$ cat query-v4.txt   # compact mmCIF, C-alpha atoms
# COMPACT_ATOMS: atom_id res chain seq x y z
CA MET D 3 -7.20 -0.61 -5.81
CA THR D 4 -9.05 -3.69 -4.56
CA GLU D 5 -11.91 -1.53 -3.23
CA THR D 6 -12.28 0.06 -6.66
CA VAL D 7 -12.51 -3.33 -8.35
CA PHE D 8 -15.19 -4.47 -5.89
CA ALA D 9 -17.13 -1.20 -6.30
CA LEU D 10 -17.09 -1.46 -10.10
CA THR D 11 -18.07 -5.14 -9.97
CA GLY D 12 -20.99 -4.31 -7.68
CA ALA D 13 -22.11 -1.48 -9.97
CA TYR D 14 -22.04 -3.81 -12.99
CA ILE D 15 -24.04 -6.46 -11.12
CA VAL D 16 -26.71 -3.88 -10.24
CA VAL D 17 -26.91 -2.68 -13.86
CA GLY D 18 -27.12 -6.30 -15.07
CA LEU D 19 -29.93 -7.09 -12.61
CA LEU D 20 -31.84 -3.97 -13.67
CA LEU D 21 -31.51 -4.94 -17.31
CA LEU D 22 -32.62 -8.49 -16.57
CA SER D 23 -35.68 -7.29 -14.63
CA LEU D 24 -36.62 -4.90 -17.42
CA ASN D 25 -36.26 -7.65 -20.00
CA LEU D 26 -38.39 -10.10 -18.01
CA ALA D 27 -41.16 -7.62 -17.20
CA SER D 28 -41.30 -5.63 -20.42
CA ARG D 29 -43.35 -6.35 -23.53
CA TRP D 30 -40.57 -5.33 -25.87
CA ARG D 31 -39.85 -7.51 -28.84
CA TRP D 32 -37.31 -10.28 -28.29
CA TRP D 33 -34.73 -8.74 -30.63
CA ILE D 34 -34.75 -5.48 -28.64
CA LYS D 35 -34.15 -7.45 -25.44
CA VAL D 36 -31.29 -9.43 -26.99
CA GLY D 37 -29.82 -6.24 -28.46
CA ALA D 38 -29.88 -4.56 -25.03
CA VAL D 39 -28.09 -7.52 -23.44
CA VAL D 40 -25.43 -7.54 -26.20
CA ILE D 41 -24.86 -3.77 -25.99
CA VAL D 42 -24.54 -3.77 -22.19
CA SER D 43 -22.16 -6.75 -22.33
CA ALA D 44 -20.02 -4.93 -24.89
CA LEU D 45 -19.99 -1.86 -22.65
CA TYR D 46 -18.76 -4.02 -19.74
CA LEU D 47 -15.82 -5.19 -21.82
CA GLY D 48 -15.14 -1.70 -23.16
CA THR D 49 -15.15 -0.23 -19.66
CA PHE D 50 -12.81 -2.94 -18.38
CA VAL D 51 -10.32 -2.25 -21.20
CA GLY D 52 -10.69 1.52 -20.74
CA ILE D 53 -10.07 1.44 -16.99
CA GLU D 54 -7.09 -0.87 -17.43
CA SER D 55 -5.55 1.60 -19.89
CA LEU D 56 -5.86 4.40 -17.30
CA LEU D 57 -3.71 2.59 -14.76
CA GLY D 58 -0.25 4.04 -14.44
CA TRP D 59 -1.00 7.49 -15.86
CA PRO D 60 0.08 10.40 -13.67
CA SER D 61 -2.61 12.16 -11.69
CA PRO D 62 -3.19 15.86 -12.37
CA THR D 63 -4.53 16.24 -8.81
CA THR D 64 -2.81 18.29 -6.11
CA LEU D 65 0.45 16.97 -4.72
CA PRO D 66 0.38 15.79 -1.09
CA SER D 67 1.63 18.42 1.34
CA ARG D 68 4.63 16.30 2.43
CA PHE D 69 6.18 13.48 0.46
CA GLN D 70 9.31 11.50 -0.32
CA LEU D 71 10.49 12.04 -3.90
CA LEU D 72 11.20 8.72 -5.57
CA TYR D 73 11.88 10.08 -9.06
CA GLY D 74 10.72 12.64 -11.57
CA LYS D 75 10.84 13.77 -15.17
CA VAL D 76 10.78 17.25 -16.67
CA VAL D 77 9.12 17.82 -20.06
CA GLU D 78 9.82 21.35 -21.24
CA PRO D 79 7.26 23.36 -23.23
CA ASN D 80 7.64 23.25 -27.01
CA LYS D 81 6.89 26.61 -28.62
CA PHE D 82 6.93 25.18 -32.14
CA THR D 83 4.16 22.66 -31.46
CA SER D 84 2.44 24.85 -28.81
CA GLU D 85 2.68 22.01 -26.28
CA VAL D 86 2.73 23.08 -22.66
CA GLY D 87 5.37 21.54 -20.45
CA TYR D 88 4.77 19.31 -17.48
CA ILE D 89 6.75 17.96 -14.58
CA TYR D 90 6.08 14.39 -13.55
CA LEU D 91 6.85 13.34 -9.98
CA TRP D 92 6.73 9.86 -8.50
CA VAL D 93 6.21 10.32 -4.78
CA GLU D 94 5.22 8.55 -1.60
CA VAL D 95 3.20 10.43 1.05
CA LEU D 96 4.89 11.09 4.42
CA ASP D 97 2.74 10.60 7.48
CA GLU D 98 2.95 12.63 10.71
CA ASN D 99 5.91 10.50 11.87
CA ASN D 100 7.91 11.24 8.68
CA VAL D 101 7.46 7.66 7.51
CA PRO D 102 6.48 6.97 3.88
CA SER D 103 2.97 5.55 3.93
CA GLY D 104 0.79 4.09 1.23
CA LEU D 105 1.86 3.23 -2.28
CA PRO D 106 3.96 5.38 -4.60
CA ARG D 107 1.91 7.54 -6.95
CA ALA D 108 2.70 9.56 -10.06
CA TYR D 109 1.66 13.23 -10.25
CA GLN D 110 1.67 15.75 -13.09
CA VAL D 111 2.24 19.44 -12.34
CA PRO D 112 2.53 22.39 -14.73
CA TYR D 113 6.02 23.35 -15.91
CA THR D 114 7.84 26.39 -14.56
CA ASP D 115 11.54 27.06 -15.05
CA ASP D 116 12.30 27.29 -11.35
CA LEU D 117 10.33 24.18 -10.40
CA ALA D 118 12.04 22.29 -13.23
CA HIS D 119 15.45 23.35 -11.89
CA LYS D 120 14.51 22.27 -8.36
CA VAL D 121 13.17 18.91 -9.57
CA LEU D 122 16.26 18.20 -11.67
CA THR D 123 18.48 19.01 -8.68
CA ALA D 124 16.37 16.75 -6.45
CA ILE D 125 16.46 13.93 -9.04
CA GLY D 126 20.24 14.18 -9.08
CA ARG D 127 20.28 13.76 -5.32
CA VAL D 128 17.96 10.74 -5.58
CA GLU D 129 20.24 9.20 -8.22
CA ASP D 130 23.18 9.71 -5.83
CA GLY D 131 21.36 7.58 -3.26
CA GLU D 132 20.08 10.36 -1.02
CA LEU D 133 16.58 10.39 0.45
CA VAL D 134 14.80 13.56 -0.66
CA ALA D 135 11.62 14.98 0.85
CA GLY D 136 9.30 17.50 -0.72
CA GLU D 137 6.96 20.00 0.88
CA VAL D 138 4.14 21.85 -0.83
CA SER D 139 2.93 25.21 0.38
CA GLU D 140 0.04 27.10 -1.14
CA ILE D 141 0.53 30.66 -2.30
CA ASP D 142 -2.18 33.05 -1.16
CA LEU D 143 -3.38 35.16 -4.07
CA ASN D 144 -4.00 38.07 -1.70
CA GLY D 145 -0.27 38.63 -1.55
CA ARG D 146 0.79 36.60 1.48
CA ASP D 147 2.54 33.26 1.74
CA GLU D 148 0.37 30.81 3.72
CA ASP D 149 3.35 29.38 5.62
CA ASP D 150 4.77 32.80 6.53
CA PRO D 151 1.99 35.42 6.82
CA ASP D 152 4.52 38.22 7.46
CA LYS D 153 6.27 37.60 4.13
CA GLU D 154 4.55 39.30 1.22
CA ASN D 155 4.53 37.71 -2.21
CA ILE D 156 4.51 40.85 -4.29
CA GLU D 157 3.89 40.46 -8.01
CA LEU D 158 3.39 36.69 -7.92
CA GLU D 159 3.86 36.13 -11.64
CA GLU D 160 7.04 38.23 -11.92
CA ASP D 161 8.74 37.00 -8.75
CA GLN D 162 7.77 33.39 -9.23
CA ASP D 163 11.30 32.28 -10.11
CA GLU D 164 12.74 33.96 -7.03
CA GLN D 165 10.24 32.31 -4.68
CA GLY D 166 11.08 28.85 -5.92
CA GLY D 167 8.99 26.20 -7.51
CA GLY D 168 5.84 28.26 -7.82
CA VAL D 169 3.19 27.31 -10.34
CA ASP D 170 1.96 29.85 -12.88
CA VAL D 171 -1.09 31.48 -11.35
CA GLU D 172 -2.76 31.76 -14.76
CA LEU D 173 -2.63 27.97 -15.30
CA PHE D 174 -4.09 27.04 -11.91
CA PRO D 175 -5.83 30.14 -10.55
CA ASP D 176 -7.61 28.21 -7.79
CA ASN D 177 -4.56 26.45 -6.34
CA PRO D 178 -1.16 28.07 -6.95
CA PHE D 179 1.55 26.40 -4.91
CA SER D 180 5.27 26.26 -4.23
CA VAL D 181 7.34 23.08 -3.87
CA ASP D 182 10.56 22.87 -1.88
CA PHE D 183 12.89 19.88 -1.66
CA GLY D 184 15.25 18.99 1.16
CA ASP D 185 16.75 16.17 3.16
CA MET D 186 14.39 13.48 4.32
CA PRO D 187 13.47 14.23 7.96
CA PRO D 188 14.29 11.50 10.48
CA PRO D 189 11.32 9.34 11.44
CA VAL D 190 9.61 10.08 14.74
CA LEU D 191 9.78 6.82 16.66
CA PRO D 192 7.60 5.99 19.66
CA GLU D 193 9.28 6.05 23.05
CA LYS D 194 10.41 2.67 24.31
CA ASP D 195 9.79 1.41 27.81
CA VAL D 196 12.77 1.02 30.10
CA ILE D 197 13.51 -2.65 30.69
$ encode --input "query-v4.txt" --output "structure tokens"
Amino acid sequence: MTETVFALTGAYIVVGLLLLSLNLASRWRWWIKVGAVVIVSALYLGTFVGIESLLGWPSPTTLPSRFQLLYGKVVEPNKFTSEVGYIYLWVEVLDENNVPSGLPRAYQVPYTDDLAHKVLTAIGRVEDGELVAGEVSEIDLNGRDEDDPDKENIELEEDQDEQGGGVDVELFPDNPFSVDFGDMPPPVLPEKDVI
């Protein structure tokens, strides 16, 4: 987050310097120059307020391939209002040693009945004090599961509930995936020297 703040600050300084150099070198009338400074200053404030309001919203980007589930929420579709459902997951990425790394992040994924059932079951386990890990595997649209090339995924849309946690191919045609939850794997610790 700190890098983002510094990058935005640097970008605003560059824009301010460009505006100042244009105002000093141009032959525009003084009221146009003052108006430009006021408008750019107002945009700075508007951008700051806008970016601050974005903080905390779940990301619609792809889930990490392996993560620890911290919590989640299921919002079912509403046919009366034509609102599509979503599943919100608060997760922490697992590194190669099965250790949570980085900061927790919120993700938004499309709703499917089976994924909702899996998430609700996993949330129950989290509420009981268990550590729950999640693993994402992509579904190959050519009919084969990426993790198990010998297993065919016939009729993806019809068998989605049986495969578990799959995302509707029509909603995300470029990146359909399946999510599975299980026990948190033990961390891989480095070998210790013999004393």
$ axis_aligned_box --input "query-v4.txt" --around "range 58-77 of chain D" --padding-each-side "3 Å" --output "JSON"
{"center_x": 3.7, "center_y": 11.2, "center_z": -8.8, "size_x": 22.4, "size_y": 20.4, "size_z": 28.5}
$ atom_distance --input "query-v4.txt" --atom1 "CA of Leu65 in chain D" --atom2 "CA of Asp185 in chain D"
18.1 Å
$ closest_residue --input "query-v4.txt" --among "D:Val101, D:Ala13, D:Leu21, D:Val76" --to "Leu133 in chain D" --atoms "all atoms listed in the file"
D:Val101
$ atom_distance --input "query-v4.txt" --atom1 "CA of Pro62 in chain D" --atom2 "CA of Val134 in chain D"
21.6 Å
$ closest_atom_pairs --input "query-v4.txt" --of "range 85-154 of chain D" --to "range 42-59 of chain D" --cutoff "10 Å" --atoms "only C-alpha atoms" --output "tab-separated table"
residue	atom	partner	partner_atom	distance
D:Arg107	CA	D:Gly58	CA	8.5
D:Ala108	CA	D:Trp59	CA	7.2
D:Tyr109	CA	D:Trp59	CA	8.5
D:Gln110	CA	D:Trp59	CA	9.1
$ closest_residue --input "query-v4.txt" --among "D:Arg68, D:Arg29, D:Lys35, D:Lys75" --to "Ala124 in chain D" --atoms "only C-alpha atoms"
D:Lys75
$ residues_around --input "query-v4.txt" --residues "Gly74 in chain D" --least-positions-apart "5" --cutoff "9 Å" --atoms "all atoms listed in the file" --output "PDB file with C-alpha atoms, in the frame of the given file"
ATOM      1  CA  ILE D  89       6.750  17.960 -14.580  1.00  0.00           C
ATOM      2  CA  TYR D  90       6.080  14.390 -13.550  1.00  0.00           C
ATOM      3  CA  LEU D  91       6.850  13.340  -9.980  1.00  0.00           C
ATOM      4  CA  TRP D  92       6.730   9.860  -8.500  1.00  0.00           C
ATOM      5  CA  VAL D  93       6.210  10.320  -4.780  1.00  0.00           C
ATOM      6  CA  ALA D 108       2.700   9.560 -10.060  1.00  0.00           C
ATOM      7  CA  VAL D 121      13.170  18.910  -9.570  1.00  0.00           C
ATOM      8  CA  LEU D 122      16.260  18.200 -11.670  1.00  0.00           C
ATOM      9  CA  ALA D 124      16.370  16.750  -6.450  1.00  0.00           C
ATOM     10  CA  ILE D 125      16.460  13.930  -9.040  1.00  0.00           C
TER      11      ILE D 125
END
$ atom_distance --input "query-v4.txt" --atom1 "CA of Glu137 in chain D" --atom2 "CA of Val181 in chain D"
5.7 Å
$ residues_near_point --input "query-v4.txt" --point "(6.5, 23.3, -11.6)" --cutoff "10 Å" --atoms "all atoms listed in the file" --output "ChimeraX atom specification"
/D:76,87-90,110-121,166-170,179-181
$ write_last_selection --input "query-v4.txt" --atoms "C-alpha atoms" --output "CSV table (one decimal), in the coordinates of the input"
chain,number,residue,atom,x,y,z
D,76,VAL,CA,10.8,17.2,-16.7
D,87,GLY,CA,5.4,21.5,-20.4
D,88,TYR,CA,4.8,19.3,-17.5
D,89,ILE,CA,6.8,18.0,-14.6
D,90,TYR,CA,6.1,14.4,-13.6
D,110,GLN,CA,1.7,15.8,-13.1
D,111,VAL,CA,2.2,19.4,-12.3
D,112,PRO,CA,2.5,22.4,-14.7
D,113,TYR,CA,6.0,23.4,-15.9
D,114,THR,CA,7.8,26.4,-14.6
D,115,ASP,CA,11.5,27.1,-15.0
D,116,ASP,CA,12.3,27.3,-11.4
D,117,LEU,CA,10.3,24.2,-10.4
D,118,ALA,CA,12.0,22.3,-13.2
D,119,HIS,CA,15.4,23.4,-11.9
D,120,LYS,CA,14.5,22.3,-8.4
D,121,VAL,CA,13.2,18.9,-9.6
D,166,GLY,CA,11.1,28.8,-5.9
D,167,GLY,CA,9.0,26.2,-7.5
D,168,GLY,CA,5.8,28.3,-7.8
D,169,VAL,CA,3.2,27.3,-10.3
D,170,ASP,CA,2.0,29.8,-12.9
D,179,PHE,CA,1.6,26.4,-4.9
D,180,SER,CA,5.3,26.3,-4.2
D,181,VAL,CA,7.3,23.1,-3.9
$ residues_around --input "query-v4.txt" --residues "Ser103 in chain D" --least-positions-apart "2" --cutoff "12 Å" --atoms "all atoms listed in the file" --output "list of chain:residue names"
D:Pro66, D:Arg68, D:Phe69, D:Gln70, D:Val93, D:Glu94, D:Val95, D:Leu96, D:Asp97, D:Glu98, D:Asn99, D:Asn100, D:Val101, D:Leu105, D:Pro106, D:Arg107, D:Pro189
$ decode --input "query-v4.txt" --residues "range 48-79 of chain D" --atoms "C-alpha atoms" --output "PDB file, in the first residue's frame"
ATOM      1  CA  GLY D  48     -11.444  14.184  -5.728  1.00  0.00           C
ATOM      2  CA  THR D  49      -8.959  11.450  -6.603  1.00  0.00           C
ATOM      3  CA  PHE D  50      -7.807  11.180  -2.991  1.00  0.00           C
ATOM      4  CA  VAL D  51     -11.400  10.765  -1.762  1.00  0.00           C
ATOM      5  CA  GLY D  52     -12.196   8.343  -4.600  1.00  0.00           C
ATOM      6  CA  ILE D  53      -9.199   6.106  -3.944  1.00  0.00           C
ATOM      7  CA  GLU D  54      -9.886   6.094  -0.216  1.00  0.00           C
ATOM      8  CA  SER D  55     -13.450   4.909  -0.878  1.00  0.00           C
ATOM      9  CA  LEU D  56     -12.100   1.973  -2.921  1.00  0.00           C
ATOM     10  CA  LEU D  57     -10.106   0.578  -0.013  1.00  0.00           C
ATOM     11  CA  GLY D  58     -11.656  -2.490   1.523  1.00  0.00           C
ATOM     12  CA  TRP D  59     -13.804  -3.522  -1.441  1.00  0.00           C
ATOM     13  CA  PRO D  60     -13.363  -7.133  -2.561  1.00  0.00           C
ATOM     14  CA  SER D  61     -11.272  -7.734  -5.643  1.00  0.00           C
ATOM     15  CA  PRO D  62     -12.935  -9.417  -8.631  1.00  0.00           C
ATOM     16  CA  THR D  63      -9.517 -10.727  -9.720  1.00  0.00           C
ATOM     17  CA  THR D  64      -8.577 -14.408  -9.767  1.00  0.00           C
ATOM     18  CA  LEU D  65      -8.161 -16.156  -6.436  1.00  0.00           C
ATOM     19  CA  PRO D  66      -4.617 -17.228  -5.529  1.00  0.00           C
ATOM     20  CA  SER D  67      -3.938 -20.881  -6.327  1.00  0.00           C
ATOM     21  CA  ARG D  68      -3.397 -21.807  -2.652  1.00  0.00           C
ATOM     22  CA  PHE D  69      -4.676 -19.875   0.332  1.00  0.00           C
ATOM     23  CA  GLN D  70      -5.833 -20.002   3.934  1.00  0.00           C
ATOM     24  CA  LEU D  71      -9.530 -19.175   4.279  1.00  0.00           C
ATOM     25  CA  LEU D  72     -10.063 -16.600   7.001  1.00  0.00           C
ATOM     26  CA  TYR D  73     -13.785 -16.054   6.418  1.00  0.00           C
ATOM     27  CA  GLY D  74     -16.396 -15.727   3.720  1.00  0.00           C
ATOM     28  CA  LYS D  75     -19.916 -14.657   2.886  1.00  0.00           C
ATOM     29  CA  VAL D  76     -22.402 -16.068   0.398  1.00  0.00           C
ATOM     30  CA  VAL D  77     -24.872 -13.731  -1.334  1.00  0.00           C
ATOM     31  CA  GLU D  78     -27.396 -15.772  -3.290  1.00  0.00           C
ATOM     32  CA  PRO D  79     -28.831 -14.562  -6.602  1.00  0.00           C
TER      33      PRO D  79
END
